[in-house]
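With compact mmCIF, C-alpha atoms inside, this is structure_10.txt:
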# COMPACT_ATOMS: atom_id res chain seq x y z
CA GLY A 1 69.51 -3.35 -195.52
CA LYS A 2 68.77 -1.42 -192.39
CA THR A 3 67.25 2.01 -192.05
CA LYS A 4 69.87 4.77 -192.04
CA LEU A 5 69.74 8.37 -190.84
CA PHE A 6 71.59 11.06 -192.82
CA ILE A 7 72.18 14.51 -191.38
CA TYR A 8 73.04 16.99 -194.10
CA GLU A 9 75.76 19.53 -193.55
CA LEU A 10 74.07 22.34 -195.39
CA LYS A 11 76.05 25.06 -197.13
CA SER A 12 73.55 27.68 -196.00
CA ALA A 13 71.31 28.14 -193.02
CA GLY A 14 68.61 25.60 -192.29
CA MET A 15 68.42 21.92 -191.66
CA GLY A 16 68.01 18.71 -193.54
CA PHE A 17 67.72 15.10 -192.50
CA SER A 18 66.80 11.99 -194.40
CA PHE A 19 66.18 8.40 -193.52
CA GLN A 20 66.72 5.67 -196.05
CA LEU A 21 64.29 2.89 -195.22
CA GLU A 22 65.02 -0.82 -195.49
CA ASN A 23 63.23 -0.90 -198.86
CA GLY A 24 65.52 1.85 -200.22
CA HIS A 25 62.88 4.61 -200.11
CA PHE A 26 63.38 7.84 -198.17
CA ILE A 27 61.83 10.08 -195.55
CA LEU A 28 63.03 13.65 -196.01
CA TYR A 29 62.74 16.19 -193.20
CA ASP A 30 63.03 19.79 -194.43
CA GLY A 31 66.07 20.18 -196.69
CA GLY A 32 67.34 23.70 -196.28
CA THR A 33 67.36 26.56 -198.77
CA GLN A 34 66.91 26.29 -202.53
CA GLY A 35 70.65 26.01 -203.15
CA GLU A 36 70.79 22.69 -201.29
CA LEU A 37 68.66 20.89 -203.90
CA PRO A 38 71.49 19.55 -206.10
CA TYR A 39 73.37 18.23 -203.06
CA ILE A 40 70.37 16.45 -201.54
CA ILE A 41 69.06 14.95 -204.76
CA GLU A 42 72.52 13.73 -205.81
CA HIS A 43 72.98 12.15 -202.37
CA MET A 44 69.68 10.26 -202.66
CA GLU A 45 70.49 9.20 -206.24
CA SER A 46 73.83 7.80 -205.08
CA LEU A 47 71.96 5.47 -202.70
CA VAL A 48 69.56 3.85 -205.19
CA PRO A 49 70.37 1.40 -207.99
CA GLU A 50 71.61 3.08 -211.17
CA GLY A 51 68.77 4.15 -213.44
CA GLU A 52 66.17 4.19 -210.66
CA LYS A 53 64.59 7.31 -209.20
CA PRO A 54 64.75 7.94 -205.47
CA ILE A 55 61.31 7.51 -203.92
CA ILE A 56 60.48 9.83 -201.04
CA ASP A 57 57.70 8.09 -199.11
CA ALA A 58 57.24 11.13 -196.84
CA TRP A 59 58.58 14.65 -197.12
CA ILE A 60 58.02 16.47 -193.85
CA ILE A 61 58.29 20.25 -193.80
CA SER A 62 58.76 21.48 -190.22
CA HIS A 63 57.54 25.02 -191.00
CA ALA A 64 57.33 27.52 -193.83
CA HIS A 65 60.62 29.39 -193.39
CA ILE A 66 62.68 29.29 -196.58
CA ASP A 67 65.68 27.74 -194.78
CA HIS A 68 63.51 24.68 -194.10
CA MET A 69 61.28 24.42 -197.16
CA GLY A 70 63.47 26.06 -199.78
CA VAL A 71 64.39 22.73 -201.37
CA LEU A 72 60.69 21.97 -201.84
CA ASN A 73 60.33 25.40 -203.45
CA ALA A 74 63.33 24.67 -205.72
CA PHE A 75 61.66 21.54 -207.11
CA ALA A 76 58.79 23.69 -208.35
CA GLN A 77 61.20 26.05 -210.08
CA ASN A 78 63.30 23.34 -211.73
CA LYS A 79 61.26 20.67 -213.50
CA ASN A 80 64.41 18.70 -214.36
CA TYR A 81 65.04 18.04 -210.67
CA ALA A 82 61.38 17.35 -209.94
CA GLU A 83 61.41 14.62 -212.58
CA ARG A 84 64.41 12.90 -210.94
CA VAL A 85 62.48 11.81 -207.83
CA CYS A 86 59.07 10.44 -206.88
CA VAL A 87 57.37 12.00 -203.85
CA GLU A 88 54.58 9.88 -202.40
CA SER A 89 53.41 12.32 -199.70
CA VAL A 90 54.13 15.75 -198.20
CA TYR A 91 53.48 16.59 -194.53
CA PHE A 92 53.35 20.17 -193.30
CA THR A 93 51.56 22.32 -190.77
CA GLU A 94 50.62 25.95 -190.55
CA PRO A 95 49.26 28.38 -188.00
CA SER A 96 45.67 29.55 -187.91
CA LYS A 97 44.67 32.71 -189.75
CA LYS A 98 44.33 34.50 -186.40
CA ALA A 99 47.89 33.54 -185.45
CA GLU A 100 49.13 34.75 -188.85
CA LYS A 101 47.58 38.16 -188.17
CA LEU A 102 48.94 38.31 -184.62
CA GLN A 103 52.41 37.38 -185.83
CA GLY A 104 52.34 39.95 -188.64
CA ILE A 105 53.26 37.41 -191.30
CA THR A 106 55.28 38.90 -194.14
CA ASP A 107 54.51 38.34 -197.80
CA GLY A 108 57.56 36.08 -198.13
CA VAL A 109 56.37 33.73 -195.42
CA THR A 110 52.79 33.88 -196.68
CA SER A 111 53.96 32.90 -200.16
CA ASN A 112 55.91 30.01 -198.61
CA LEU A 113 52.72 28.86 -196.87
CA ILE A 114 50.78 29.07 -200.12
CA PHE A 115 53.49 27.06 -201.81
CA CYS A 116 53.36 24.34 -199.11
CA ARG A 117 49.60 24.18 -199.62
CA THR A 118 50.01 23.68 -203.38
CA ALA A 119 53.31 21.76 -203.51
CA ALA A 120 51.63 18.62 -204.78
CA GLU A 121 51.01 20.37 -208.09
CA TYR A 122 54.76 20.40 -208.80
CA LEU A 123 55.66 16.88 -207.73
CA LYS A 124 54.72 13.40 -208.91
CA ASN A 125 54.47 10.12 -207.04
CA SER A 126 55.60 6.74 -208.38
CA GLU A 127 52.32 6.44 -210.33
CA GLY A 128 52.79 9.84 -212.00
CA LYS A 129 50.03 11.43 -209.88
CA ARG A 130 50.07 14.22 -207.31
CA PRO A 131 51.48 13.22 -203.92
CA ASP A 132 49.15 13.01 -200.97
CA MET A 133 49.17 16.04 -198.67
CA TYR A 134 48.86 15.67 -194.90
CA ARG A 135 48.62 18.15 -192.04
CA PRO A 136 49.89 16.34 -188.95
CA ARG A 137 48.36 17.05 -185.57
CA THR A 138 49.74 16.55 -182.10
CA GLY A 139 49.28 12.98 -180.90
CA GLU A 140 49.15 11.38 -184.34
CA ARG A 141 51.39 8.44 -185.22
CA TYR A 142 52.61 7.52 -188.69
CA TYR A 143 54.36 4.37 -189.86
CA PHE A 144 56.97 4.32 -192.61
CA GLY A 145 58.48 0.87 -193.05
CA ASP A 146 60.27 0.12 -189.79
CA ILE A 147 60.03 3.74 -188.56
CA THR A 148 57.36 5.06 -186.24
CA ALA A 149 56.85 8.83 -186.31
CA ASP A 150 55.08 10.38 -183.32
CA ILE A 151 53.90 13.96 -183.71
CA ILE A 152 54.56 15.54 -180.32
CA TYR A 153 53.96 19.20 -181.20
CA THR A 154 52.12 21.18 -183.82
CA PRO A 155 51.13 24.84 -183.45
CA GLU A 156 47.59 24.24 -182.23
CA LEU A 157 49.10 23.67 -178.76
CA LEU A 158 50.38 27.23 -178.44
CA PRO A 159 47.73 29.83 -177.60
CA GLU A 160 47.53 32.18 -180.56
CA GLU A 161 48.02 35.28 -178.43
CA GLN A 162 51.38 33.93 -177.21
CA TRP A 163 52.98 33.66 -180.64
CA ASP A 164 56.17 35.67 -180.68
CA THR A 165 58.04 33.85 -183.42
CA TRP A 166 57.15 32.13 -186.67
CA ASN A 167 59.33 29.22 -185.54
CA ALA A 168 56.57 28.26 -183.08
CA SER A 169 54.75 26.71 -186.04
CA SER A 170 57.38 23.95 -186.35
CA ILE A 171 56.34 20.31 -186.27
CA VAL A 172 58.22 18.40 -183.55
CA ILE A 173 58.53 14.68 -184.22
CA THR A 174 60.06 11.69 -182.50
CA PHE A 175 61.15 8.98 -184.91
CA THR A 176 61.68 5.51 -183.45
CA ILE A 177 63.84 3.01 -185.31
CA ASP A 178 64.79 -0.33 -183.75
CA GLY A 179 64.20 1.11 -180.27
CA GLN A 180 66.38 4.15 -180.96
CA LYS A 181 64.72 7.57 -180.87
CA VAL A 182 65.54 10.68 -182.90
CA LEU A 183 63.90 14.00 -182.00
CA LEU A 184 63.57 16.57 -184.79
CA THR A 185 62.31 19.98 -183.73
CA GLY A 186 62.32 22.36 -186.68
CA ASP A 187 63.39 25.57 -184.92

Would you put the structure from the file into structure tokens?
Amino acid sequence: GKTKLFIYELKSAGMGFSFQLENGHFILYDGGTQGELPYIIEHMESLVPEGEKPIIDAWIISHAHIDHMGVLNAFAQNKNYAERVCVESVYFTEPSKKAEKLQGITDGVTSNLIFCRTAAEYLKNSEGKRPDMYRPRTGERYYFGDITADIIYTPELLPEEQWDTWNASSIVITFTIDGQKVLLTGD
């Protein structure tokens, strides 16, 4: 098979994209709010052979707003769903402590950040262990099967005193597949 891109039409605010790689595994980018979990997991399950769990090679969280990482949060709250997939690695970024103070981060966002930091505790990889956690930085390149992911923006590029929105902490990535490029920006 060839790598495929799926853009989810979410029922609520937020965004969700997935790539199904040639080997049948997935890259998941965000996922939307918690209510999107059944839709996304059922979609991935429909694309793998019956009786097999979807394997998410990389789950990339653009930033810690609930409309982007709510599905990740929902896995922690519903063990039945968490057991239906394998997550090999989670990628996320976060602002510095100084930027958090300048932005006036609310408890809700702070708890989302804490959850991103500890998400591996709620998920299992294909060996039954915790997934690897990565914090991408601008200029890094990752390879997932036939996809190249170039990190073109993470929040360390924005001077902390210029933060005027939490959305500035979004990871911006260019995915390249067979010479075609897809730009995903978070917010």

Please list, as a short mmCIF file (atom, residue, chain, number, x, y, z; two decimals) with C-alpha atoms, keeping the file's coordinate frame, the residues that have an atom at most 10 Å away from (67.0, 0.2, -192.4) in the coordinates of this file, counting all atoms listed in the file.
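To be explicit, this is the file written out as result03.cif:
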data_model
loop_
_atom_site.label_atom_id
_atom_site.label_comp_id
_atom_site.auth_asym_id
_atom_site.auth_seq_id
_atom_site.Cartn_x
_atom_site.Cartn_y
_atom_site.Cartn_z
CA GLY A 1 69.51 -3.35 -195.52
CA LYS A 2 68.77 -1.42 -192.39
CA THR A 3 67.25 2.01 -192.05
CA LYS A 4 69.87 4.77 -192.04
CA LEU A 5 69.74 8.37 -190.84
CA PHE A 19 66.18 8.40 -193.52
CA GLN A 20 66.72 5.67 -196.05
CA LEU A 21 64.29 2.89 -195.22
CA GLU A 22 65.02 -0.82 -195.49
CA ASN A 23 63.23 -0.90 -198.86
CA GLY A 24 65.52 1.85 -200.22
CA HIS A 25 62.88 4.61 -200.11
CA GLY A 145 58.48 0.87 -193.05
CA ASP A 146 60.27 0.12 -189.79
CA ILE A 147 60.03 3.74 -188.56
CA ILE A 177 63.84 3.01 -185.31
CA ASP A 178 64.79 -0.33 -183.75
#

Next item on the list: Rounded to one decimal place, report the atom CA of Ile40 of chain A-atom CA of Gly139 of chain A distance in Å.
Entry: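 Straight-line distance from atom CA of Ile40 of chain A to atom CA of Gly139 of chain A works out to 29.7 Å.
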
Item checked: Using all atoms listed in the file: which of A:Tyr134, A:Tyr81, A:Asp67, A:Ser62 has the shortest distance to Ile173 of chain A ->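 When distances to Ile173 of chain A are compared using all atoms listed in the file, the smallest one comes from A:Ser62.
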
Next item on the list: Give me the residues within 12 Å of segment 6-10 of chain A as a PyMOL selection string, counting all atoms listed in the file and dropping any in the same chain fewer than 4 places off.
Entry: chain A and resi 14-21+26-41+43-44+47+67-68+71+182+184

Output of the above residues as an mmCIF file, in the frame of the given file, restricted to C-alpha atoms:
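Wrote it out as part-v7.cif, contents follow:
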data_model
loop_
_atom_site.group_PDB
_atom_site.id
_atom_site.type_symbol
_atom_site.label_atom_id
_atom_site.label_comp_id
_atom_site.auth_asym_id
_atom_site.auth_seq_id
_atom_site.Cartn_x
_atom_site.Cartn_y
_atom_site.Cartn_z
ATOM 1 C CA GLY A 14 68.610 25.600 -192.290
ATOM 2 C CA MET A 15 68.420 21.920 -191.660
ATOM 3 C CA GLY A 16 68.010 18.710 -193.540
ATOM 4 C CA PHE A 17 67.720 15.100 -192.500
ATOM 5 C CA SER A 18 66.800 11.990 -194.400
ATOM 6 C CA PHE A 19 66.180 8.400 -193.520
ATOM 7 C CA GLN A 20 66.720 5.670 -196.050
ATOM 8 C CA LEU A 21 64.290 2.890 -195.220
ATOM 9 C CA PHE A 26 63.380 7.840 -198.170
ATOM 10 C CA ILE A 27 61.830 10.080 -195.550
ATOM 11 C CA LEU A 28 63.030 13.650 -196.010
ATOM 12 C CA TYR A 29 62.740 16.190 -193.200
ATOM 13 C CA ASP A 30 63.030 19.790 -194.430
ATOM 14 C CA GLY A 31 66.070 20.180 -196.690
ATOM 15 C CA GLY A 32 67.340 23.700 -196.280
ATOM 16 C CA THR A 33 67.360 26.560 -198.770
ATOM 17 C CA GLN A 34 66.910 26.290 -202.530
ATOM 18 C CA GLY A 35 70.650 26.010 -203.150
ATOM 19 C CA GLU A 36 70.790 22.690 -201.290
ATOM 20 C CA LEU A 37 68.660 20.890 -203.900
ATOM 21 C CA PRO A 38 71.490 19.550 -206.100
ATOM 22 C CA TYR A 39 73.370 18.230 -203.060
ATOM 23 C CA ILE A 40 70.370 16.450 -201.540
ATOM 24 C CA ILE A 41 69.060 14.950 -204.760
ATOM 25 C CA HIS A 43 72.980 12.150 -202.370
ATOM 26 C CA MET A 44 69.680 10.260 -202.660
ATOM 27 C CA LEU A 47 71.960 5.470 -202.700
ATOM 28 C CA ASP A 67 65.680 27.740 -194.780
ATOM 29 C CA HIS A 68 63.510 24.680 -194.100
ATOM 30 C CA VAL A 71 64.390 22.730 -201.370
ATOM 31 C CA VAL A 182 65.540 10.680 -182.900
ATOM 32 C CA LEU A 184 63.570 16.570 -184.790
#

Margin query: Here is a test: counting only C-alpha atoms, which residue of A:Gly128, A:Pro54, A:Pro49, A:Gly186 is nearest to Asn167 of chain A?
Written below: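 Answer, going by the shortest atom-to-atom distance: A:Gly186.
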
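Using all atoms listed in the file, the smallest distance between any of A:Arg130, A:Arg137, A:Lys124, A:His63 and Ile151 of chain A comes from A:Arg137.
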
Item checked: Residue neighbourhood Asn125 of chain A, 6 Å, all atoms listed in the file, exclusion window fewer than 2 positions, as a ChimeraX atom specification -> /A:86-88,127-129,131

Next item on the list: Could you tell me how far atom CA of Ile60 of chain A lies from atom CA of Leu72 of chain A, in Å and to one decimal?
Entry: 10.1 Å

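Between atom CA of Ser126 of chain A and atom CA of Ala82 of chain A the interatomic distance comes to 12.2 Å.
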
For segment 145-160 of chain A, supply N, CA, C and O atoms and report the output as an mmCIF file, in the frame of the given file.
data_model
loop_
_atom_site.group_PDB
_atom_site.id
_atom_site.type_symbol
_atom_site.label_atom_id
_atom_site.label_comp_id
_atom_site.auth_asym_id
_atom_site.auth_seq_id
_atom_site.Cartn_x
_atom_site.Cartn_y
_atom_site.Cartn_z
ATOM 1 N N GLY A 145 57.618 2.044 -193.146
ATOM 2 C CA GLY A 145 58.480 0.870 -193.050
ATOM 3 C C GLY A 145 58.702 0.518 -191.591
ATOM 4 O O GLY A 145 57.748 0.332 -190.836
ATOM 5 N N ASP A 146 59.949 0.482 -191.170
ATOM 6 C CA ASP A 146 60.270 0.120 -189.790
ATOM 7 C C ASP A 146 60.404 1.339 -188.878
ATOM 8 O O ASP A 146 60.879 1.240 -187.757
ATOM 9 N N ILE A 147 59.966 2.504 -189.348
ATOM 10 C CA ILE A 147 60.030 3.740 -188.560
ATOM 11 C C ILE A 147 58.636 4.107 -188.063
ATOM 12 O O ILE A 147 57.666 4.072 -188.820
ATOM 13 N N THR A 148 58.576 4.486 -186.798
ATOM 14 C CA THR A 148 57.360 5.060 -186.240
ATOM 15 C C THR A 148 57.630 6.546 -186.018
ATOM 16 O O THR A 148 58.658 6.914 -185.464
ATOM 17 N N ALA A 149 56.717 7.388 -186.484
ATOM 18 C CA ALA A 149 56.850 8.830 -186.310
ATOM 19 C C ALA A 149 55.709 9.317 -185.418
ATOM 20 O O ALA A 149 54.538 9.189 -185.783
ATOM 21 N N ASP A 150 56.059 9.839 -184.244
ATOM 22 C CA ASP A 150 55.080 10.380 -183.320
ATOM 23 C C ASP A 150 55.128 11.892 -183.361
ATOM 24 O O ASP A 150 56.188 12.487 -183.125
ATOM 25 N N ILE A 151 53.992 12.509 -183.655
ATOM 26 C CA ILE A 151 53.900 13.960 -183.710
ATOM 27 C C ILE A 151 53.686 14.442 -182.280
ATOM 28 O O ILE A 151 52.644 14.189 -181.681
ATOM 29 N N ILE A 152 54.685 15.132 -181.726
ATOM 30 C CA ILE A 152 54.560 15.540 -180.320
ATOM 31 C C ILE A 152 54.248 17.036 -180.171
ATOM 32 O O ILE A 152 53.907 17.473 -179.087
ATOM 33 N N TYR A 153 54.338 17.789 -181.268
ATOM 34 C CA TYR A 153 53.960 19.200 -181.200
ATOM 35 C C TYR A 153 53.609 19.699 -182.588
ATOM 36 O O TYR A 153 54.341 19.469 -183.556
ATOM 37 N N THR A 154 52.481 20.365 -182.672
ATOM 38 C CA THR A 154 52.120 21.180 -183.820
ATOM 39 C C THR A 154 51.521 22.471 -183.248
ATOM 40 O O THR A 154 51.167 22.519 -182.069
ATOM 41 N N PRO A 155 51.423 23.521 -184.023
ATOM 42 C CA PRO A 155 51.130 24.840 -183.450
ATOM 43 C C PRO A 155 49.786 24.996 -182.770
ATOM 44 O O PRO A 155 49.582 25.984 -182.073
ATOM 45 N N GLU A 156 48.876 24.050 -182.911
ATOM 46 C CA GLU A 156 47.590 24.240 -182.230
ATOM 47 C C GLU A 156 47.734 24.190 -180.712
ATOM 48 O O GLU A 156 46.847 24.610 -179.982
ATOM 49 N N LEU A 157 48.880 23.714 -180.196
ATOM 50 C CA LEU A 157 49.100 23.670 -178.760
ATOM 51 C C LEU A 157 49.436 25.031 -178.150
ATOM 52 O O LEU A 157 49.219 25.251 -176.975
ATOM 53 N N LEU A 158 49.971 25.924 -178.945
ATOM 54 C CA LEU A 158 50.380 27.230 -178.440
ATOM 55 C C LEU A 158 49.226 28.217 -178.582
ATOM 56 O O LEU A 158 48.701 28.403 -179.678
ATOM 57 N N PRO A 159 48.795 28.830 -177.483
ATOM 58 C CA PRO A 159 47.730 29.830 -177.600
ATOM 59 C C PRO A 159 48.129 30.913 -178.596
ATOM 60 O O PRO A 159 49.252 31.426 -178.556
ATOM 61 N N GLU A 160 47.220 31.246 -179.480
ATOM 62 C CA GLU A 160 47.530 32.180 -180.560
ATOM 63 C C GLU A 160 48.077 33.509 -180.059
ATOM 64 O O GLU A 160 48.975 34.086 -180.660
#
